[in-house]
Each structure stands twice: as structure tokens, then as C-alpha cells.
file entry21.cif (mmCIF, C-alpha atoms)
data_query
#
loop_
_atom_site.label_atom_id
_atom_site.label_comp_id
_atom_site.auth_asym_id
_atom_site.auth_seq_id
_atom_site.Cartn_x
_atom_site.Cartn_y
_atom_site.Cartn_z
CA MET V 38 103.87 84.95 98.06
CA ALA V 39 103.38 88.57 97.06
CA ASN V 40 99.80 88.03 95.90
CA GLU V 41 98.60 85.96 98.85
CA GLN V 42 95.50 87.47 100.45
CA ARG V 43 96.47 88.73 103.91
CA ILE V 44 93.09 88.83 105.70
CA SER V 45 90.21 86.56 104.77
CA TYR V 46 86.66 87.43 103.79
CA VAL V 47 83.98 86.65 106.35
CA PRO V 48 81.53 84.16 104.74
CA LEU V 49 78.06 85.56 104.15
CA GLU V 50 76.47 82.82 106.28
CA LYS V 51 78.44 84.04 109.30
CA MET V 52 77.16 87.62 109.03
CA THR V 53 74.09 89.01 110.74
CA PRO V 54 71.08 89.69 108.49
CA GLU V 55 71.82 93.41 108.72
CA MET V 56 75.45 92.98 107.69
CA ARG V 57 74.47 90.69 104.83
CA ALA V 58 71.96 93.29 103.63
CA GLU V 59 74.75 95.87 103.54
CA ILE V 60 77.02 93.46 101.63
CA GLU V 61 74.21 92.92 99.13
CA ARG V 62 73.86 96.69 98.78
CA CYS V 63 77.61 96.91 98.13
CA ALA V 64 77.31 94.28 95.38
CA ARG V 65 74.32 96.08 93.89
CA GLU V 66 75.46 99.71 94.20
CA GLY V 67 79.18 99.57 94.93
CA THR V 68 81.34 102.16 96.69
CA PRO V 69 82.38 100.29 98.68
CA ARG V 70 82.51 96.99 96.87
CA PRO V 71 81.63 93.84 98.88
CA GLU V 72 85.17 92.49 99.22
CA SER V 73 86.50 95.25 101.48
CA SER V 74 83.31 95.14 103.53
CA ALA V 75 83.66 91.35 103.91
CA VAL V 76 87.13 91.91 105.40
CA ARG V 77 85.86 94.55 107.86
CA ALA V 78 83.09 92.12 108.85
CA HIS V 79 85.58 90.34 111.13
CA VAL V 80 84.84 93.19 113.55
CA PRO V 81 81.21 94.34 113.36
CA ALA V 82 82.05 97.67 115.00
CA ALA V 83 84.63 98.35 112.28
CA PHE V 84 82.20 97.18 109.60
CA TRP V 85 79.46 99.57 110.70
CA ALA V 86 81.78 102.46 111.59
CA PHE V 87 83.04 102.50 108.03
CA ALA V 88 79.70 101.74 106.34
CA ASN V 89 77.89 104.49 108.24
CA SER V 90 80.68 107.05 107.81
CA TRP V 91 80.94 106.30 104.09
CA ARG V 92 77.18 106.69 103.70
CA ASP V 93 76.96 109.92 105.68
CA VAL V 94 80.16 111.66 104.61
CA PHE V 95 80.71 110.36 101.07
CA HIS V 96 77.32 109.56 99.58
CA ALA V 97 75.47 112.25 101.55
CA GLY V 98 76.82 115.40 103.18
CA ILE V 99 77.10 119.05 102.20
CA CYS V 100 80.08 119.07 99.83
CA ASP V 101 79.64 118.07 96.17
CA HIS V 102 79.75 114.30 95.83
CA ALA V 103 81.78 114.53 92.61
CA ILE V 104 84.42 116.64 94.37
CA LYS V 105 84.73 113.94 97.02
CA GLU V 106 84.98 111.24 94.36
CA LEU V 107 87.84 113.09 92.67
CA ALA V 108 89.60 113.38 96.03
CA ARG V 109 89.07 109.66 96.64
CA LEU V 110 90.56 108.79 93.28
CA TYR V 111 93.49 111.16 93.84
CA VAL V 112 94.30 109.21 97.01
CA SER V 113 94.03 105.94 95.04
CA ARG V 114 96.59 107.17 92.53
CA ALA V 115 98.84 108.61 95.25
CA VAL V 116 98.99 105.53 97.51
CA THR V 117 98.55 103.05 94.61
CA CYS V 118 95.54 101.28 96.05
CA GLU V 119 94.48 99.23 93.04
CA PHE V 120 91.38 97.84 94.73
CA CYS V 121 90.00 101.33 95.35
CA GLY V 122 91.44 102.91 92.22
CA ASN V 123 89.59 100.49 89.97
CA GLN V 124 86.21 101.61 91.33
CA ARG V 125 84.07 104.57 90.36
CA SER V 126 81.12 106.18 92.11
CA ILE V 127 78.01 105.61 89.99
CA LYS V 128 76.51 108.83 91.36
CA ALA V 129 79.56 110.90 90.37
CA ALA V 130 79.83 109.30 86.94
CA GLU V 131 76.15 109.90 86.20
CA SER V 132 76.55 113.56 87.12
CA GLY V 133 79.04 113.97 84.27
CA ALA V 134 81.53 115.67 86.60
CA VAL V 135 83.89 112.68 86.75
CA ASN V 136 85.15 110.94 83.62
CA GLU V 137 88.16 108.88 82.66
CA VAL V 138 89.90 111.74 80.87
CA LYS V 139 89.91 113.72 84.12
CA VAL V 140 90.93 110.71 86.16
CA ASP V 141 93.97 110.15 83.94
CA GLU V 142 95.21 113.65 84.79
CA LEU V 143 94.66 113.50 88.54
CA ILE V 144 98.26 113.47 89.69
CA ASP V 145 99.10 116.52 87.54
CA PHE V 146 95.79 118.24 88.22
CA GLU V 147 97.33 121.70 88.64
CA LYS V 148 98.53 121.68 85.02
CA SER V 149 95.38 120.11 83.62
CA ALA V 150 92.78 122.09 81.68
CA LYS V 151 90.17 119.45 82.55
CA TYR V 152 89.61 120.73 86.08
CA ASN V 153 87.94 123.93 87.22
CA GLU V 154 89.39 126.04 90.04
CA ARG V 155 87.11 124.57 92.70
CA GLU V 156 88.14 121.04 91.76
CA LYS V 157 91.81 122.02 91.74
CA ALA V 158 91.50 123.57 95.19
CA ALA V 159 89.90 120.38 96.52
CA LEU V 160 92.61 118.25 94.98
CA ALA V 161 95.29 120.53 96.45
CA TYR V 162 93.67 119.85 99.84
CA ALA V 163 93.81 116.10 99.14
CA GLU V 164 97.42 116.43 98.02
CA ALA V 165 98.45 118.31 101.16
CA ILE V 166 96.80 115.75 103.43
CA THR V 167 98.11 112.75 101.52
CA TRP V 168 101.72 113.90 101.26
CA ARG V 169 101.77 115.75 104.63
CA LEU V 170 102.72 119.02 102.95
CA GLU V 171 103.28 122.28 104.80
CA THR V 172 100.57 124.84 104.05
CA ASP V 173 100.53 128.63 104.29
CA ASP V 174 98.04 131.51 104.28
CA ARG V 175 97.92 131.49 100.48
CA PHE V 176 96.90 127.84 100.48
CA TRP V 177 94.06 128.43 102.96
CA LYS V 178 92.92 131.58 101.18
CA ARG V 179 92.58 129.51 98.03
CA LEU V 180 90.45 126.91 99.83
CA ARG V 181 88.23 129.53 101.44
CA GLN V 182 87.52 131.10 98.04
CA HIS V 183 85.77 127.89 97.02
CA PHE V 184 84.57 126.16 100.19
CA SER V 185 82.78 127.09 103.41
CA GLU V 186 84.24 125.95 106.73
CA PRO V 187 81.68 123.13 107.09
CA GLU V 188 82.58 121.96 103.58
CA LEU V 189 86.28 122.03 104.45
CA VAL V 190 85.61 119.98 107.57
CA GLU V 191 83.59 117.38 105.68
CA LEU V 192 86.05 117.21 102.80
CA GLY V 193 89.05 116.98 105.14
CA CYS V 194 87.43 114.23 107.21
CA PHE V 195 86.51 112.34 104.07
CA ILE V 196 90.02 112.57 102.60
CA ALA V 197 91.46 111.36 105.90
CA LEU V 198 88.97 108.48 106.01
CA THR V 199 89.64 107.28 102.48
CA MET V 200 93.40 107.76 102.76
CA GLY V 201 93.53 105.62 105.88
CA GLN V 202 91.35 102.91 104.39
CA GLN V 203 93.19 102.83 101.08
CA SER V 204 96.61 102.81 102.71
CA TRP V 205 95.44 99.72 104.60
CA LEU V 206 93.50 97.93 101.86
CA ARG V 207 96.39 98.08 99.39
CA LEU V 208 98.34 95.78 101.73
CA LEU V 209 95.71 93.04 101.83
CA ASN V 210 95.87 91.74 98.24
CA ILE V 211 92.09 91.57 97.95
CA GLU V 212 90.51 91.72 94.53
CA HIS V 213 87.19 92.49 92.90
CA HIS V 214 84.70 89.85 91.74
CA GLU V 215 85.54 87.55 94.67
CA VAL V 216 82.57 88.18 97.00
CA MET V 217 79.07 87.97 95.53
CA ALA V 218 80.73 87.80 92.12
CA GLY V 219 78.87 88.53 88.94
CA GLY V 220 78.03 92.19 89.43
CA SER V 221 79.84 95.17 87.97
CA ALA V 222 78.41 97.91 90.18
CA SER V 223 80.78 100.87 90.50
CA MET V 224 83.62 99.21 88.62
CA ALA V 225 85.74 101.43 86.40
CA PRO V 226 85.47 101.01 82.63
CA GLY V 227 87.47 97.94 81.60
CA PHE V 228 87.16 96.28 85.01
CA GLU V 229 83.53 95.12 84.91
CA SER V 230 84.27 91.38 85.10
CA ALA V 231 87.11 89.21 86.40
CA GLU V 232 88.25 88.60 82.84
CA ALA V 233 88.16 92.30 81.91
CA LEU V 234 89.95 93.21 85.14
CA ALA V 235 92.78 90.75 84.46
CA LYS V 236 93.16 92.06 80.90
CA SER V 237 93.23 95.71 82.01
CA LYS V 238 95.76 95.05 84.77
CA SER V 239 98.07 93.25 82.35
CA SER V 240 98.07 96.18 79.92
CA PRO V 241 101.34 98.17 79.65
CA GLY V 242 99.32 101.36 80.17
CA TYR V 243 97.67 100.21 83.40
CA TRP V 244 97.65 103.18 85.76
CA ALA V 245 99.19 101.40 88.76
CA LYS V 246 102.32 100.60 86.75
CA LYS V 247 103.05 104.28 86.29
CA GLY V 248 103.49 105.14 89.97
CA ALA V 249 103.14 108.57 91.53
CA ALA V 250 105.74 110.99 92.86
CA PRO V 251 105.02 113.06 96.00
CA LYS V 252 104.74 116.80 95.62
CA LYS V 253 107.08 118.99 97.67
CA ASP V 254 105.10 122.20 98.09
CA ALA V 255 101.45 122.90 98.76
CA ALA V 256 99.78 125.13 96.17
#
call {"tool": "encode", "arguments": {"input": "entry21.cif", "output": "C-alpha cells"}}
result
Amino acid sequence: MANEQRISYVPLEKMTPEMRAEIERCAREGTPRPESSAVRAHVPAAFWAFANSWRDVFHAGICDHAIKELARLYVSRAVTCEFCGNQRSIKAAESGAVNEVKVDELIDFEKSAKYNEREKAALAYAEAITWRLETDDRFWKRLRQHFSEPELVELGCFIALTMGQQSWLRLLNIEHHEVMAGGSASMAPGFESAEALAKSKSSPGYWAKKGAAPKKDAA
């Protein structure tokens, strides 16, 4: 069955108090949502490696959080990870720097008037990593005009982290509103409940039905 879940969720009662507290935080605050964390809970080291890295490199860190959220969503669109692509960072949304109009133009960001040059440079970085593009001096000059070396390290590590996780999670057929159901934290507009999610995914305009084509040259 194509929609059969491939790896189970660890029941809350089998988690340590510390792991359960993190799952509760995921349900309350999102990014990540509790379902993906409940899968990683099969291996506590994997659970905490991801939770701690996500906290320190995505939520905290030196590079703009909204820039990292745009990169995360670019990866979602590129690898078609519906689980991740139907989430939004509350922090980034509240900043006003990430909205659905911008998200809809992620794959064609270079042609979009919705993005500033710093955002486009970051997305070009995400594009090059995701599609394994060759880069040249012009590409790196562009990045250095907008980001310091520490920012490029953090952003590159974050893109690699989220690309690896999303490339894996998309295979598992996990879905939102299945672990600690009832909360809508960090869900994208139109996906706040199981009913809304099902309706949005059945729409002809649902983003994952459009697909994404790899780019051939780094900007």
C-alpha cells in the first residue's frame, strides 16, 4: 500500500519524561511537529541529536531565522516532503518576513519580485546544495556580499540538516494530527486540523501536485 506508514510512532508512555516534555513542546510550538519526533524516538540518540541541532541551528543561531525558514521550505518544495512542507515556523511568520505569497514563488525565486537580494542569495545556496549544482567564483561572490563566513557555515549546515531529514521523512508516510492530536501549532494555513489538511491536500491546486524541476546552473 502506497500510503502505509513505514516506521511507527513510539507511544508517549514508552518515552522518558525528558523526551515526552520535548514531544509536548513540539505539539505546543511546532517545528518540528510531534509526529516526526515520535519516529526518531525509537533511537534516543537520534531524537536528541535532531532536537538539539534544530533548536541551536534553526531556532537560535546567528543567521536570520526567516532566511532559514525560507531555505527549509525551498527544500520541502524541491524534494516534495509534504509533511515538512505543510508546516510553518511561528517565529518566522510572526516576523512578517515569510508569507504564503512568497512561499508560492519559492521554486522560481530568482524571477520573483517578492524576495530581496539577500533572500535570493540564500535560496540560491539552498538550490545549489539540494540539486548538487556546480558553483563558481561569481556564485560565492554573491553569497559573500550578503553573508559572513559564520553565517554561511550555519546556513549551509542547516540546509544540509533539513534536506537530509526531509528526504527521509517523505518516505515514511507519516501525517500531521496523529500524535498528540488537537493542536495546530506551526501548521500552514489550511492545514490546521485533520479535516482541513485532507481538504487542502485534495485540492487541484495543492502544491505537492505541481512537482518541481531541478535547476541546471547555479546563479
call {"tool": "resolve_selection", "arguments": {"input": "entry21.cif", "expression": "the PyMOL selection byres ((chain V and resi 39-51) around 8)", "output": "list in words"}}
result
Met38, Met52, Thr53, Arg57, Glu72, Ala75, Val76, Ala78, His79, Leu208, Leu209, Asn210, Ile211 and Val216 of chain V
call {"tool": "resolve_selection", "arguments": {"input": "entry21.cif", "expression": "the PyMOL selection byres ((chain V and resi 194) around 12)", "output": "ChimeraX atom specification"}}
result
/V:90-91,93-95,98,100,105,108-109,162-163,166,187-193,195-201
call {"tool": "atom_distance", "arguments": {"input": "entry21.cif", "atom1": "CA of Ala97 (chain V)", "atom2": "CA of Arg169 (chain V)"}}
result
26.7 Å
call {"tool": "residues_around", "arguments": {"input": "entry21.cif", "residues": "Glu147 (chain V)", "least_positions_apart": "5", "cutoff": "9 Å", "atoms": "all atoms listed in the file", "output": "JSON, numbers by chain"}}
result
{"V": [152, 157, 158, 160, 161, 256]}
call {"tool": "residues_around", "arguments": {"input": "entry21.cif", "residues": "Val140 (chain V)", "least_positions_apart": "5", "cutoff": "8 Å", "atoms": "all atoms listed in the file", "output": "ChimeraX atom specification"}}
result
/V:107,110,135
call {"tool": "residues_around", "arguments": {"input": "entry21.cif", "residues": "Ser126 (chain V)", "least_positions_apart": "6", "cutoff": "7 Å", "atoms": "only C-alpha atoms", "output": "VMD selection string"}}
result
chain V and resid 68 106 223
call {"tool": "atom_distance", "arguments": {"input": "entry21.cif", "atom1": "CA of Ile60 (chain V)", "atom2": "CA of Phe84 (chain V)"}}
result
10.2 Å
call {"tool": "atom_distance", "arguments": {"input": "entry21.cif", "atom1": "CA of Arg155 (chain V)", "atom2": "CA of Ser132 (chain V)"}}
result
16.2 Å
call {"tool": "closest_residue", "arguments": {"input": "entry21.cif", "among": "V:Lys246, V:His213, V:Arg77, V:Lys178", "to": "Gln124 (chain V)", "atoms": "all atoms listed in the file"}}
result
V:His213
call {"tool": "resolve_selection", "arguments": {"input": "entry21.cif", "expression": "the PyMOL selection byres ((chain V and resi 230) around 8)", "output": "list of chain:residue names"}}
result
V:His214, V:Gly219, V:Gly220, V:Ser221, V:Phe228, V:Glu229, V:Ala231, V:Glu232, V:Ala233, V:Leu234
call {"tool": "closest_residue", "arguments": {"input": "entry21.cif", "among": "V:Asp145, V:Gln202, V:Asp101, V:Ala115", "to": "Ala88 (chain V)", "atoms": "all atoms listed in the file"}}
result
V:Gln202
call {"tool": "closest_residue", "arguments": {"input": "entry21.cif", "among": "V:Ile99, V:Pro81, V:Gly67, V:Ala225", "to": "Asn136 (chain V)", "atoms": "all atoms listed in the file"}}
result
V:Ala225
call {"tool": "closest_residue", "arguments": {"input": "entry21.cif", "among": "V:Asn123, V:Asn89, V:Glu154, V:Gln182", "to": "Ala235 (chain V)", "atoms": "only C-alpha atoms"}}
result
V:Asn123
call {"tool": "closest_residue", "arguments": {"input": "entry21.cif", "among": "V:Ala103, V:Ala218, V:Leu170, V:Met56", "to": "Ala82 (chain V)", "atoms": "only C-alpha atoms"}}
result
V:Met56
call {"tool": "closest_residue", "arguments": {"input": "entry21.cif", "among": "V:Ser149, V:Ser240, V:Gln203, V:Ser74", "to": "Phe120 (chain V)", "atoms": "all atoms listed in the file"}}
result
V:Gln203
